[in-house]
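Raw coords-v5.cif, mmCIF, N, CA and C atoms:
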data_structure
#
loop_
_atom_site.group_PDB
_atom_site.id
_atom_site.type_symbol
_atom_site.label_atom_id
_atom_site.label_comp_id
_atom_site.auth_asym_id
_atom_site.auth_seq_id
_atom_site.Cartn_x
_atom_site.Cartn_y
_atom_site.Cartn_z
ATOM 1 N N MET A 6 -41.847 -20.308 -29.065
ATOM 2 C CA MET A 6 -41.949 -19.823 -27.695
ATOM 3 C C MET A 6 -43.089 -20.551 -26.988
ATOM 4 N N MET A 7 -42.847 -20.975 -25.763
ATOM 5 C CA MET A 7 -43.859 -21.672 -24.991
ATOM 6 C C MET A 7 -44.776 -20.678 -24.276
ATOM 7 N N THR A 8 -46.006 -21.122 -24.038
ATOM 8 C CA THR A 8 -46.938 -20.295 -23.284
ATOM 9 C C THR A 8 -46.505 -20.272 -21.821
ATOM 10 N N ARG A 9 -46.590 -19.092 -21.215
ATOM 11 C CA ARG A 9 -46.238 -18.924 -19.798
ATOM 12 C C ARG A 9 -47.475 -18.505 -19.033
ATOM 13 N N TYR A 10 -47.594 -19.026 -17.819
ATOM 14 C CA TYR A 10 -48.716 -18.713 -16.943
ATOM 15 C C TYR A 10 -48.196 -18.329 -15.567
ATOM 16 N N ARG A 11 -48.861 -17.372 -14.925
ATOM 17 C CA ARG A 11 -48.549 -17.035 -13.530
ATOM 18 C C ARG A 11 -49.729 -17.496 -12.684
ATOM 19 N N LEU A 12 -49.422 -18.265 -11.635
ATOM 20 C CA LEU A 12 -50.482 -18.756 -10.761
ATOM 21 C C LEU A 12 -51.050 -17.621 -9.915
ATOM 22 N N THR A 13 -52.372 -17.527 -9.877
ATOM 23 C CA THR A 13 -53.039 -16.526 -9.049
ATOM 24 C C THR A 13 -53.491 -17.134 -7.725
ATOM 25 N N ALA A 14 -53.425 -18.465 -7.623
ATOM 26 C CA ALA A 14 -53.769 -19.209 -6.405
ATOM 27 C C ALA A 14 -52.989 -20.521 -6.448
ATOM 28 N N PRO A 15 -52.722 -21.122 -5.300
ATOM 29 C CA PRO A 15 -52.007 -22.406 -5.302
ATOM 30 C C PRO A 15 -52.826 -23.482 -6.026
ATOM 31 N N ILE A 16 -52.125 -24.423 -6.667
ATOM 32 C CA ILE A 16 -52.806 -25.554 -7.299
ATOM 33 C C ILE A 16 -52.066 -26.848 -6.961
ATOM 34 N N SER A 17 -52.797 -27.941 -6.993
ATOM 35 C CA SER A 17 -52.202 -29.265 -6.807
ATOM 36 C C SER A 17 -51.552 -29.700 -8.110
ATOM 37 N N ALA A 18 -50.472 -30.453 -7.995
ATOM 38 C CA ALA A 18 -49.764 -30.944 -9.168
ATOM 39 C C ALA A 18 -49.113 -32.277 -8.825
ATOM 40 N N ILE A 19 -48.717 -32.996 -9.843
ATOM 41 C CA ILE A 19 -47.965 -34.236 -9.667
ATOM 42 C C ILE A 19 -46.593 -34.011 -10.275
ATOM 43 N N ARG A 20 -45.567 -34.152 -9.441
ATOM 44 C CA ARG A 20 -44.188 -33.942 -9.898
ATOM 45 C C ARG A 20 -43.661 -35.224 -10.496
ATOM 46 N N HIS A 21 -42.978 -35.088 -11.630
ATOM 47 C CA HIS A 21 -42.378 -36.226 -12.301
ATOM 48 C C HIS A 21 -40.877 -36.219 -12.055
ATOM 49 N N PRO A 22 -40.332 -37.340 -11.615
ATOM 50 C CA PRO A 22 -38.885 -37.403 -11.387
ATOM 51 C C PRO A 22 -38.125 -37.425 -12.709
ATOM 52 N N PRO A 23 -36.844 -37.071 -12.690
ATOM 53 C CA PRO A 23 -36.036 -37.141 -13.912
ATOM 54 C C PRO A 23 -35.990 -38.577 -14.435
ATOM 55 N N ALA A 24 -35.909 -38.732 -15.731
ATOM 56 C CA ALA A 24 -35.827 -40.059 -16.346
ATOM 57 C C ALA A 24 -34.617 -40.814 -15.802
ATOM 58 N N GLY A 25 -34.800 -42.104 -15.576
ATOM 59 C CA GLY A 25 -33.700 -42.938 -15.106
ATOM 60 C C GLY A 25 -33.524 -42.976 -13.598
ATOM 61 N N THR A 26 -34.372 -42.262 -12.856
ATOM 62 C CA THR A 26 -34.270 -42.317 -11.401
ATOM 63 C C THR A 26 -35.336 -43.254 -10.843
ATOM 64 N N GLU A 27 -35.132 -43.695 -9.630
ATOM 65 C CA GLU A 27 -36.084 -44.607 -9.000
ATOM 66 C C GLU A 27 -37.055 -43.870 -8.087
ATOM 67 N N ILE A 28 -37.040 -42.557 -8.110
ATOM 68 C CA ILE A 28 -37.941 -41.763 -7.279
ATOM 69 C C ILE A 28 -39.332 -41.821 -7.878
ATOM 70 N N ALA A 29 -40.328 -42.049 -7.045
ATOM 71 C CA ALA A 29 -41.710 -42.128 -7.519
ATOM 72 C C ALA A 29 -42.285 -40.727 -7.735
ATOM 73 N N GLU A 30 -43.367 -40.672 -8.532
ATOM 74 C CA GLU A 30 -44.099 -39.418 -8.696
ATOM 75 C C GLU A 30 -44.755 -39.086 -7.363
ATOM 76 N N TYR A 31 -44.963 -37.800 -7.091
ATOM 77 C CA TYR A 31 -45.661 -37.439 -5.868
ATOM 78 C C TYR A 31 -46.392 -36.119 -6.023
ATOM 79 N N ARG A 32 -47.410 -35.962 -5.179
ATOM 80 C CA ARG A 32 -48.253 -34.758 -5.218
ATOM 81 C C ARG A 32 -47.582 -33.613 -4.476
ATOM 82 N N VAL A 33 -47.749 -32.421 -5.047
ATOM 83 C CA VAL A 33 -47.209 -31.204 -4.442
ATOM 84 C C VAL A 33 -48.218 -30.084 -4.637
ATOM 85 N N LYS A 34 -48.003 -28.965 -3.972
ATOM 86 C CA LYS A 34 -48.772 -27.732 -4.190
ATOM 87 C C LYS A 34 -47.840 -26.728 -4.824
ATOM 88 N N LEU A 35 -48.239 -26.182 -5.964
ATOM 89 C CA LEU A 35 -47.474 -25.108 -6.586
ATOM 90 C C LEU A 35 -48.004 -23.795 -6.027
ATOM 91 N N PRO A 36 -47.129 -22.901 -5.571
ATOM 92 C CA PRO A 36 -47.566 -21.685 -4.874
ATOM 93 C C PRO A 36 -48.098 -20.582 -5.795
ATOM 94 N N ALA A 37 -48.969 -19.765 -5.248
ATOM 95 C CA ALA A 37 -49.442 -18.567 -5.967
ATOM 96 C C ALA A 37 -48.218 -17.737 -6.336
ATOM 97 N N GLY A 38 -48.233 -17.169 -7.525
ATOM 98 C CA GLY A 38 -47.112 -16.363 -8.000
ATOM 99 C C GLY A 38 -46.109 -17.147 -8.819
ATOM 100 N N ALA A 39 -46.185 -18.481 -8.770
ATOM 101 C CA ALA A 39 -45.246 -19.304 -9.539
ATOM 102 C C ALA A 39 -45.462 -19.074 -11.031
ATOM 103 N N MET A 40 -44.368 -19.071 -11.789
ATOM 104 C CA MET A 40 -44.431 -18.923 -13.236
ATOM 105 C C MET A 40 -44.313 -20.316 -13.846
ATOM 106 N N LEU A 41 -45.347 -20.731 -14.571
ATOM 107 C CA LEU A 41 -45.378 -22.050 -15.201
ATOM 108 C C LEU A 41 -45.140 -21.910 -16.695
ATOM 109 N N TYR A 42 -44.460 -22.886 -17.268
ATOM 110 C CA TYR A 42 -44.199 -22.917 -18.697
ATOM 111 C C TYR A 42 -44.853 -24.155 -19.288
ATOM 112 N N GLU A 43 -45.522 -23.985 -20.399
ATOM 113 C CA GLU A 43 -46.173 -25.092 -21.095
ATOM 114 C C GLU A 43 -45.155 -26.168 -21.459
ATOM 115 N N SER A 44 -45.523 -27.420 -21.254
ATOM 116 C CA SER A 44 -44.675 -28.543 -21.644
ATOM 117 C C SER A 44 -45.003 -28.938 -23.069
ATOM 118 N N ILE A 45 -43.985 -29.091 -23.895
ATOM 119 C CA ILE A 45 -44.211 -29.515 -25.271
ATOM 120 C C ILE A 45 -43.906 -31.001 -25.436
ATOM 121 N N GLN A 46 -43.639 -31.699 -24.331
ATOM 122 C CA GLN A 46 -43.360 -33.131 -24.350
ATOM 123 C C GLN A 46 -44.469 -33.871 -23.612
ATOM 124 N N PRO A 47 -45.537 -34.273 -24.318
ATOM 125 C CA PRO A 47 -46.671 -34.909 -23.652
ATOM 126 C C PRO A 47 -46.392 -36.299 -23.117
ATOM 127 N N SER A 48 -45.286 -36.922 -23.500
ATOM 128 C CA SER A 48 -45.025 -38.300 -23.086
ATOM 129 C C SER A 48 -44.919 -38.453 -21.574
ATOM 130 N N GLY A 49 -44.442 -37.441 -20.867
ATOM 131 C CA GLY A 49 -44.304 -37.542 -19.419
ATOM 132 C C GLY A 49 -45.516 -37.047 -18.657
ATOM 133 N N THR A 50 -46.482 -36.499 -19.355
ATOM 134 C CA THR A 50 -47.673 -35.938 -18.714
ATOM 135 C C THR A 50 -48.715 -37.023 -18.502
ATOM 136 N N LEU A 51 -49.340 -37.015 -17.338
ATOM 137 C CA LEU A 51 -50.360 -38.012 -17.043
ATOM 138 C C LEU A 51 -51.601 -37.811 -17.894
ATOM 139 N N ARG A 52 -52.256 -38.902 -18.236
ATOM 140 C CA ARG A 52 -53.463 -38.858 -19.078
ATOM 141 C C ARG A 52 -54.533 -37.998 -18.409
ATOM 142 N N GLY A 53 -55.154 -37.130 -19.199
ATOM 143 C CA GLY A 53 -56.215 -36.261 -18.700
ATOM 144 C C GLY A 53 -55.709 -35.009 -18.013
ATOM 145 N N MET A 54 -54.398 -34.777 -18.037
ATOM 146 C CA MET A 54 -53.812 -33.614 -17.386
ATOM 147 C C MET A 54 -52.984 -32.818 -18.394
ATOM 148 N N VAL A 55 -52.487 -31.673 -17.963
ATOM 149 C CA VAL A 55 -51.668 -30.791 -18.798
ATOM 150 C C VAL A 55 -50.267 -30.761 -18.213
ATOM 151 N N GLY A 56 -49.265 -30.833 -19.071
ATOM 152 C CA GLY A 56 -47.879 -30.789 -18.618
ATOM 153 C C GLY A 56 -47.363 -29.367 -18.543
ATOM 154 N N VAL A 57 -46.690 -29.045 -17.430
ATOM 155 C CA VAL A 57 -46.070 -27.734 -17.250
ATOM 156 C C VAL A 57 -44.706 -27.914 -16.588
ATOM 157 N N TYR A 58 -43.886 -26.883 -16.709
ATOM 158 C CA TYR A 58 -42.606 -26.844 -16.005
ATOM 159 C C TYR A 58 -42.630 -25.703 -15.009
ATOM 160 N N TRP A 59 -42.068 -25.954 -13.838
ATOM 161 C CA TRP A 59 -41.868 -24.920 -12.824
ATOM 162 C C TRP A 59 -40.500 -25.162 -12.219
ATOM 163 N N GLU A 60 -39.677 -24.149 -12.229
ATOM 164 C CA GLU A 60 -38.308 -24.220 -11.715
ATOM 165 C C GLU A 60 -37.540 -25.404 -12.302
ATOM 166 N N GLY A 61 -37.751 -25.639 -13.597
ATOM 167 C CA GLY A 61 -37.012 -26.677 -14.303
ATOM 168 C C GLY A 61 -37.511 -28.097 -14.097
ATOM 169 N N ARG A 62 -38.591 -28.265 -13.356
ATOM 170 C CA ARG A 62 -39.137 -29.598 -13.098
ATOM 171 C C ARG A 62 -40.472 -29.777 -13.801
ATOM 172 N N HIS A 63 -40.736 -30.995 -14.246
ATOM 173 C CA HIS A 63 -41.963 -31.294 -14.974
ATOM 174 C C HIS A 63 -43.074 -31.727 -14.018
ATOM 175 N N TYR A 64 -44.274 -31.175 -14.234
ATOM 176 C CA TYR A 64 -45.454 -31.483 -13.426
ATOM 177 C C TYR A 64 -46.655 -31.716 -14.327
ATOM 178 N N SER A 65 -47.612 -32.502 -13.837
ATOM 179 C CA SER A 65 -48.917 -32.635 -14.475
ATOM 180 C C SER A 65 -49.923 -31.899 -13.607
ATOM 181 N N VAL A 66 -50.767 -31.075 -14.236
ATOM 182 C CA VAL A 66 -51.805 -30.326 -13.513
ATOM 183 C C VAL A 66 -53.131 -30.503 -14.256
ATOM 184 N N PHE A 67 -54.227 -30.282 -13.549
ATOM 185 C CA PHE A 67 -55.538 -30.365 -14.193
ATOM 186 C C PHE A 67 -55.785 -29.115 -15.027
ATOM 187 N N LEU A 68 -56.344 -29.309 -16.224
ATOM 188 C CA LEU A 68 -56.646 -28.193 -17.113
ATOM 189 C C LEU A 68 -57.565 -27.188 -16.424
ATOM 190 N N ARG A 69 -58.544 -27.674 -15.670
ATOM 191 C CA ARG A 69 -59.477 -26.791 -14.943
ATOM 192 C C ARG A 69 -58.703 -25.816 -14.049
ATOM 193 N N ASP A 70 -57.721 -26.327 -13.312
ATOM 194 C CA ASP A 70 -56.918 -25.462 -12.437
ATOM 195 C C ASP A 70 -56.103 -24.466 -13.255
ATOM 196 N N LEU A 71 -55.537 -24.928 -14.358
ATOM 197 C CA LEU A 71 -54.731 -24.048 -15.197
ATOM 198 C C LEU A 71 -55.577 -22.897 -15.745
ATOM 199 N N LEU A 72 -56.815 -23.194 -16.127
ATOM 200 C CA LEU A 72 -57.696 -22.164 -16.678
ATOM 201 C C LEU A 72 -58.254 -21.222 -15.613
ATOM 202 N N GLN A 73 -58.551 -21.754 -14.432
ATOM 203 C CA GLN A 73 -59.203 -20.960 -13.391
ATOM 204 C C GLN A 73 -58.238 -20.229 -12.464
ATOM 205 N N LYS A 74 -57.019 -20.727 -12.319
ATOM 206 C CA LYS A 74 -56.124 -20.190 -11.294
ATOM 207 C C LYS A 74 -54.816 -19.640 -11.842
ATOM 208 N N THR A 75 -54.832 -19.273 -13.130
ATOM 209 C CA THR A 75 -53.624 -18.673 -13.717
ATOM 210 C C THR A 75 -53.982 -17.459 -14.552
ATOM 211 N N GLN A 76 -52.959 -16.687 -14.822
ATOM 212 C CA GLN A 76 -53.049 -15.568 -15.750
ATOM 213 C C GLN A 76 -52.061 -15.871 -16.862
ATOM 214 N N CYS A 77 -52.513 -15.874 -18.104
ATOM 215 C CA CYS A 77 -51.630 -16.122 -19.234
ATOM 216 C C CYS A 77 -50.719 -14.904 -19.421
ATOM 217 N N ILE A 78 -49.416 -15.117 -19.381
ATOM 218 C CA ILE A 78 -48.450 -14.042 -19.511
ATOM 219 C C ILE A 78 -48.025 -13.860 -20.963
ATOM 220 N N SER A 79 -47.779 -14.973 -21.653
ATOM 221 C CA SER A 79 -47.424 -14.896 -23.076
ATOM 222 C C SER A 79 -47.844 -16.184 -23.745
ATOM 223 N N ALA A 80 -48.222 -16.082 -25.003
ATOM 224 C CA ALA A 80 -48.636 -17.247 -25.778
ATOM 225 C C ALA A 80 -47.733 -17.393 -26.984
ATOM 226 N N ALA A 81 -47.635 -18.616 -27.466
ATOM 227 C CA ALA A 81 -46.771 -18.905 -28.621
ATOM 228 C C ALA A 81 -47.281 -18.226 -29.867
#

Could you render the structure as structure tokens?
Amino acid sequence: MMTRYRLTAPISAIRHPPAGTEIAEYRVKLPAGAMLYESIQPSGTLRGMVGVYWEGRHYSVFLRDLLQKTQCISAA
């Protein structure tokens, strides 16, 4: 089971496009209340960041934001 987090405040993230597409990565804001799931595939996560999924899409977020602006809902 993956760890789940609920955002208590919006955070910045970098969205990763699906493999095989020509769409570039881009910055987004994940909204307060969003439920994030831990990514177990580090290959798509940017160096120095943590991989998470939100609404089926992969994002890289800063660990500091994950620790300060989320509530852990369940852990593996």

| task | Based on DSSP run over this structure's backbone, return all residues of chain A in alpha helix (DSSP H), as a count of residues only. | result | 6

| If you run DSSP on this backbone, which residues of chain A come out as strand (DSSP E), and could you give them as a PyMOL selection string? | chain A and resi 9-12+16-20+31-35+40-43+55-59+62-66+75-79

| request: Take CA of Ser44 in chain A and atom C of Lys74 in chain A and report the distance between them in Å, one decimal. | output: 16.7 Å

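Nearest to Gly49 in chain A of all the residues A:Val33, A:Ile19, A:Leu68, A:Ala14 is A:Ile19, based on only C-alpha atoms.
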
| task | Any chance you could resolve the PyMOL selection byres ((chain A and resi 67) around 8) against this file and give the residues as number ranges by chain? | result | A: 16-19, 53-56, 64-66, 68-73

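Computed from the coordinates, the CA of Pro15 in chain A to CA of Arg52 in chain A distance equals 21.5 Å.
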
| request: With a distance cut-off of 6 Å and all atoms listed in the file, select the neighbouring residues of Ser79 in chain A, excluding the residue or stretch itself and same-chain residues fewer than 3 positions from it, and output the selection as a ChimeraX atom specification. | output: /A:7-10

Any chance you can output those residues with N, CA and C atoms as an mmCIF file, keeping the file's coordinate frame?
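Heads up, here's the output in result19.cif:
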data_model
loop_
_atom_site.group_PDB
_atom_site.id
_atom_site.type_symbol
_atom_site.label_atom_id
_atom_site.label_comp_id
_atom_site.auth_asym_id
_atom_site.auth_seq_id
_atom_site.Cartn_x
_atom_site.Cartn_y
_atom_site.Cartn_z
ATOM 1 N N MET A 7 -42.847 -20.975 -25.763
ATOM 2 C CA MET A 7 -43.859 -21.672 -24.991
ATOM 3 C C MET A 7 -44.776 -20.678 -24.276
ATOM 4 N N THR A 8 -46.006 -21.122 -24.038
ATOM 5 C CA THR A 8 -46.938 -20.295 -23.284
ATOM 6 C C THR A 8 -46.505 -20.272 -21.821
ATOM 7 N N ARG A 9 -46.590 -19.092 -21.215
ATOM 8 C CA ARG A 9 -46.238 -18.924 -19.798
ATOM 9 C C ARG A 9 -47.475 -18.505 -19.033
ATOM 10 N N TYR A 10 -47.594 -19.026 -17.819
ATOM 11 C CA TYR A 10 -48.716 -18.713 -16.943
ATOM 12 C C TYR A 10 -48.196 -18.329 -15.567
#

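For the set A:Lys34, A:Leu51, A:His21, A:Gln76, the residue with the smallest atom-to-atom gap to His63 in chain A is A:His21, counting all atoms listed in the file.
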
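Comparing the minimum interatomic distances between Pro22 in chain A and each of A:Val57, A:Arg62, A:Ala37, A:Ile78, counting all atoms listed in the file, we find that A:Arg62 sits nearest.
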
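For the pair atom C of Gly38 in chain A and atom N of Leu12 in chain A, the interatomic distance is 4.5 Å.
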